[in-house]
Amino acid sequence: MSSTRNRSVALASAAVVSLAALSACGTSSDGAGSAPGGKVTLSVNGQPPTTQAFERRLFDRHVEQFEKAHPDIDIVPHEGFMDPKTFNAKLAGGKLEDVFYVYFTDTRGLIGRNQAADITDHLKGMPHRGDVQDALMKVFQDAKGRQYGLPTANYSMGLLYNRTLFNKAGLDPDKPPRTWAEARAAAKRIAGLGDNTVGYADFSKNNQGGWHFTAELYSRGGRIATERDGKWKAAFNSAAGKATLRDLHAMRWQDGSMGSKQLLQAEDVQRMIGSGKLGMYVSAADNITVIAKQFGGAYRDYGLAPIPDARSTLIGGEGYMINPKASPEKIRAGIKWLQWKYLNPDLVEQNIRDNIDSKLPVGLPMPPTPDIWKGAVRERVEQAKRKYANVPVANYQPFMDAAPRVPGVVEPPEAQQVYAVLDTVMQAVLTREDADIDALLAAAEKKVDQIYSAL
């Protein structure tokens, strides 16, 4: 389940980056991408549709800038992203782009089926390779550490909360819950405000319940599945899995802090918090923009904290891989394009200004300053975000401060099938006071093991 379809960027010095500076970012062509006949023609997907006017305009402008800085490479952009239904046919028929977009959940299967090029030996000397978070780079690696793609954006789950309701309930909005016990106590106080106010909400349908169960389980140190000798087995019927569901059951039926309306999905919960009737839910940062734009919320009213307990957190995201049939010249050209467009900390100010000019938010833990970096580059990006922010950065600082310390864990294999099974568990716990958690988990474990045995 992907939280957002990000378009990444990153940082620069105090001055706006000029085209001349872009040419000097360490990615100008050295001729290695040139074919004997002249330019390397590189087809890439990920071009936004014309209905997304700002994103399309920015993408096309970047193509022009890149080609000016790299005159030996001709970018041929294609609309669209990853479509699993047509991928195999496009690859077999020679119609797959040279550089193609993938979600984190796709990479393992593509690598295992030899459907992406091994780019390891072509990455030597790539600018900023060492500045990208190791966990994100590993998403695109095989068991031997060979690299088959590059991450370009990610999300991680935290606790989104309504600062206004925290104040009304006598809670400190600058000290959000750090544990699930604290979250439960805060939810009960918020629900105590009355007037149909809900303290905590959760998803439970359209595979979103299984997705959220996964995030909450990870936060306690549990796992949905484990691998041994290349085989996967369900692992959620555990102490952490039972604790997750027992807390939800207690909040729903003992505390009355989750409200009576259940079988919720993202839009329902976003509407609730946007209308001022919900205190908290597990979320990624992109939800804040959705709430503000679509459901009447105001950026100042929300805060983002690390997910409670924070033993680990669910991460997702996107990146690009290269056609396994691509020539070495195309592979090198593809890496240059990906680094320049997505993994280039010298582009941030240009992208920030483009977002500000289009009245888009700057200052959230998401593009135009995605949290894909580590070390000094991460701090430079954060400085640029604070400098140009048009939303209250301090509201989200607890999440950002904790992010480097919270281990990220990707979604389990066959995630959507697994989530569909776990939806039924979440639904039962939230709609039946007599739900038997042990029996629900045992039944779900059998179904998920059947899914994995078919792999």
# chains A, B, ... in the order shown; residues from 1 in each chain; ligands from 1
call {"tool": "select_by_dssp", "arguments": {"residues": "stretch 68-259 of chain A", "states": "helix (DSSP H, G or I)", "output": "PyMOL selection string"}}
result
chain A and resi 68-69+84-92+104-112+120-122+129-131+134-138+163-168+180-191+208-219+239-255
call {"tool": "residues_around", "arguments": {"residues": "A:Glu79", "least_positions_apart": "5", "cutoff": "12 Å", "atoms": "only C-alpha atoms", "output": "MDAnalysis selection string"}}
result
chainID A and resid 43:52 55:56 59:60 97 100:101
call {"tool": "residues_around", "arguments": {"residues": "A:Lys341", "least_positions_apart": "4", "cutoff": "12 Å", "atoms": "only C-alpha atoms", "output": "PyMOL selection string"}}
result
chain A and resi 7-10+22+25+27+44+46+58-67+69+75+150-153+319-320+334-337+345-348+350-351
call {"tool": "closest_atom_pairs", "arguments": {"of": "stretch 255-302 of chain A", "to": "stretch 199-212 of chain A", "cutoff": "12 Å", "atoms": "only C-alpha atoms", "output": "JSON lines"}}
result
{"residue": "A:Asp255", "atom": "CA", "partner": "A:Gly199", "partner_atom": "CA", "distance": 9.8}
{"residue": "A:Gly256", "atom": "CA", "partner": "A:Gly199", "partner_atom": "CA", "distance": 8.7}
{"residue": "A:Ser257", "atom": "CA", "partner": "A:Gly199", "partner_atom": "CA", "distance": 5.0}
{"residue": "A:Met258", "atom": "CA", "partner": "A:Tyr200", "partner_atom": "CA", "distance": 5.2}
{"residue": "A:Gly259", "atom": "CA", "partner": "A:Gly199", "partner_atom": "CA", "distance": 7.9}
{"residue": "A:Ser260", "atom": "CA", "partner": "A:Ala201", "partner_atom": "CA", "distance": 10.4}
{"residue": "A:Lys261", "atom": "CA", "partner": "A:Ala201", "partner_atom": "CA", "distance": 9.6}
{"residue": "A:Gln262", "atom": "CA", "partner": "A:Ser204", "partner_atom": "CA", "distance": 7.6}
{"residue": "A:Leu263", "atom": "CA", "partner": "A:Ser204", "partner_atom": "CA", "distance": 5.2}
{"residue": "A:Leu264", "atom": "CA", "partner": "A:Phe203", "partner_atom": "CA", "distance": 4.9}
{"residue": "A:Gln265", "atom": "CA", "partner": "A:Phe203", "partner_atom": "CA", "distance": 4.8}
{"residue": "A:Ala266", "atom": "CA", "partner": "A:Phe203", "partner_atom": "CA", "distance": 6.7}
{"residue": "A:Glu267", "atom": "CA", "partner": "A:Phe203", "partner_atom": "CA", "distance": 9.7}
{"residue": "A:Asp268", "atom": "CA", "partner": "A:Phe203", "partner_atom": "CA", "distance": 8.8}
{"residue": "A:Val269", "atom": "CA", "partner": "A:Ala201", "partner_atom": "CA", "distance": 6.8}
{"residue": "A:Gln270", "atom": "CA", "partner": "A:Ala201", "partner_atom": "CA", "distance": 9.9}
{"residue": "A:Arg271", "atom": "CA", "partner": "A:Ala201", "partner_atom": "CA", "distance": 11.5}
{"residue": "A:Met272", "atom": "CA", "partner": "A:Ala201", "partner_atom": "CA", "distance": 9.0}
{"residue": "A:Ile273", "atom": "CA", "partner": "A:Ala201", "partner_atom": "CA", "distance": 9.4}
{"residue": "A:Gly276", "atom": "CA", "partner": "A:Gly199", "partner_atom": "CA", "distance": 10.9}
{"residue": "A:Lys277", "atom": "CA", "partner": "A:Gly199", "partner_atom": "CA", "distance": 8.3}
{"residue": "A:Leu278", "atom": "CA", "partner": "A:Gly199", "partner_atom": "CA", "distance": 5.7}
{"residue": "A:Gly279", "atom": "CA", "partner": "A:Gly199", "partner_atom": "CA", "distance": 4.7}
{"residue": "A:Met280", "atom": "CA", "partner": "A:Tyr200", "partner_atom": "CA", "distance": 4.9}
{"residue": "A:Tyr281", "atom": "CA", "partner": "A:Ala201", "partner_atom": "CA", "distance": 5.4}
{"residue": "A:Val282", "atom": "CA", "partner": "A:His212", "partner_atom": "CA", "distance": 7.4}
{"residue": "A:Ser283", "atom": "CA", "partner": "A:His212", "partner_atom": "CA", "distance": 8.7}
{"residue": "A:Ala284", "atom": "CA", "partner": "A:His212", "partner_atom": "CA", "distance": 11.1}
call {"tool": "select_by_dssp", "arguments": {"residues": "stretch 73-291 of chain A", "states": "strand (DSSP E)", "output": "PyMOL selection string"}}
result
chain A and resi 73-79+99-103+149-156+158-162+198-200+225-228+231-234+278-283
call {"tool": "residues_around", "arguments": {"residues": "A:Ala439", "least_positions_apart": "6", "cutoff": "12 Å", "atoms": "only C-alpha atoms", "output": "short mmCIF file (atom, residue, chain, number, x, y, z; two decimals) with N, CA and C atoms, in the first residue's frame"}}
result
data_model
loop_
_atom_site.label_atom_id
_atom_site.label_comp_id
_atom_site.auth_asym_id
_atom_site.auth_seq_id
_atom_site.Cartn_x
_atom_site.Cartn_y
_atom_site.Cartn_z
N ASN A 237 0.98 -14.05 14.28
CA ASN A 237 0.29 -14.69 15.40
C ASN A 237 1.29 -14.81 16.54
N LYS A 242 -0.93 -10.08 19.13
CA LYS A 242 -2.04 -10.13 20.07
C LYS A 242 -2.15 -8.83 20.87
N VAL A 425 -9.62 -9.64 10.24
CA VAL A 425 -9.25 -9.65 11.65
C VAL A 425 -9.55 -8.29 12.27
N ALA A 428 -13.32 -7.70 12.64
CA ALA A 428 -13.92 -8.45 13.75
C ALA A 428 -13.63 -7.78 15.09
N VAL A 429 -12.40 -7.38 15.30
CA VAL A 429 -12.00 -6.77 16.57
C VAL A 429 -12.75 -5.45 16.81
N GLU A 445 -3.47 -16.80 10.13
CA GLU A 445 -2.14 -17.39 9.92
C GLU A 445 -2.20 -18.53 8.91
N LYS A 446 -3.20 -19.38 9.01
CA LYS A 446 -3.34 -20.49 8.06
C LYS A 446 -3.55 -19.97 6.64
#
call {"tool": "closest_atom_pairs", "arguments": {"of": "stretch 81-185 of chain A", "to": "stretch 397-417 of chain A", "cutoff": "10 Å", "atoms": "only C-alpha atoms", "output": "JSON lines"}}
result
{"residue": "A:Phe104", "atom": "CA", "partner": "A:Val410", "partner_atom": "CA", "distance": 7.4}
{"residue": "A:Thr105", "atom": "CA", "partner": "A:Glu411", "partner_atom": "CA", "distance": 6.5}
{"residue": "A:Asp106", "atom": "CA", "partner": "A:Pro413", "partner_atom": "CA", "distance": 9.1}
{"residue": "A:Arg108", "atom": "CA", "partner": "A:Pro413", "partner_atom": "CA", "distance": 8.5}
{"residue": "A:Gly109", "atom": "CA", "partner": "A:Pro413", "partner_atom": "CA", "distance": 9.0}
{"residue": "A:Gln133", "atom": "CA", "partner": "A:Pro404", "partner_atom": "CA", "distance": 9.1}
{"residue": "A:Ala135", "atom": "CA", "partner": "A:Gly408", "partner_atom": "CA", "distance": 7.1}
{"residue": "A:Leu136", "atom": "CA", "partner": "A:Gly408", "partner_atom": "CA", "distance": 8.7}
{"residue": "A:Val139", "atom": "CA", "partner": "A:Val410", "partner_atom": "CA", "distance": 8.0}
{"residue": "A:Tyr155", "atom": "CA", "partner": "A:Gly408", "partner_atom": "CA", "distance": 9.7}
{"residue": "A:Ser156", "atom": "CA", "partner": "A:Gly408", "partner_atom": "CA", "distance": 7.4}
{"residue": "A:Met157", "atom": "CA", "partner": "A:Gly408", "partner_atom": "CA", "distance": 9.3}
{"residue": "A:Gly158", "atom": "CA", "partner": "A:Phe399", "partner_atom": "CA", "distance": 6.9}
{"residue": "A:Leu159", "atom": "CA", "partner": "A:Phe399", "partner_atom": "CA", "distance": 8.4}
{"residue": "A:Leu160", "atom": "CA", "partner": "A:Phe399", "partner_atom": "CA", "distance": 9.6}
{"residue": "A:Asp174", "atom": "CA", "partner": "A:Pro398", "partner_atom": "CA", "distance": 8.4}
{"residue": "A:Lys175", "atom": "CA", "partner": "A:Pro398", "partner_atom": "CA", "distance": 8.5}
{"residue": "A:Pro176", "atom": "CA", "partner": "A:Pro398", "partner_atom": "CA", "distance": 8.3}
call {"tool": "write_last_selection", "arguments": {"atoms": "C-alpha atoms", "output": "PDB file, in the first residue's frame"}}
result
ATOM      1  CA  PHE A 104       9.256  -0.872  -3.096  1.00  0.00           C
ATOM      2  CA  THR A 105       6.990  -3.931  -3.016  1.00  0.00           C
ATOM      3  CA  ASP A 106       7.869  -4.798  -6.632  1.00  0.00           C
ATOM      4  CA  ARG A 108      12.132  -8.373  -4.833  1.00  0.00           C
ATOM      5  CA  GLY A 109      10.089 -10.148  -7.510  1.00  0.00           C
ATOM      6  CA  GLN A 133      19.747   6.011   3.521  1.00  0.00           C
ATOM      7  CA  ALA A 135      17.783   0.870   4.228  1.00  0.00           C
ATOM      8  CA  LEU A 136      16.355   2.426   1.074  1.00  0.00           C
ATOM      9  CA  VAL A 139      15.309  -2.384  -1.064  1.00  0.00           C
ATOM     10  CA  TYR A 155       7.336   7.414   3.286  1.00  0.00           C
ATOM     11  CA  SER A 156       7.236   6.098   6.814  1.00  0.00           C
ATOM     12  CA  MET A 157       4.374   5.842   9.259  1.00  0.00           C
ATOM     13  CA  GLY A 158       3.925   8.057  12.293  1.00  0.00           C
ATOM     14  CA  LEU A 159       1.147   9.299  14.564  1.00  0.00           C
ATOM     15  CA  LEU A 160      -0.866  12.154  13.062  1.00  0.00           C
ATOM     16  CA  ASP A 174       4.278  19.565  21.960  1.00  0.00           C
ATOM     17  CA  LYS A 175       4.617  16.258  23.841  1.00  0.00           C
ATOM     18  CA  PRO A 176       2.667  13.704  21.771  1.00  0.00           C
TER      19      PRO A 176
END
call {"tool": "residues_around", "arguments": {"residues": "A:Lys95", "least_positions_apart": "3", "cutoff": "12 Å", "atoms": "only C-alpha atoms", "output": "JSON, numbers by chain"}}
result
{"A": [43, 44, 45, 78, 86, 87, 88, 89, 90, 91, 92, 98, 99, 100, 323, 325]}
call {"tool": "closest_residue", "arguments": {"among": "A:Glu182, A:Glu329, A:Asp309, A:Asp423", "to": "A:Glu216", "atoms": "only C-alpha atoms"}}
result
A:Asp309
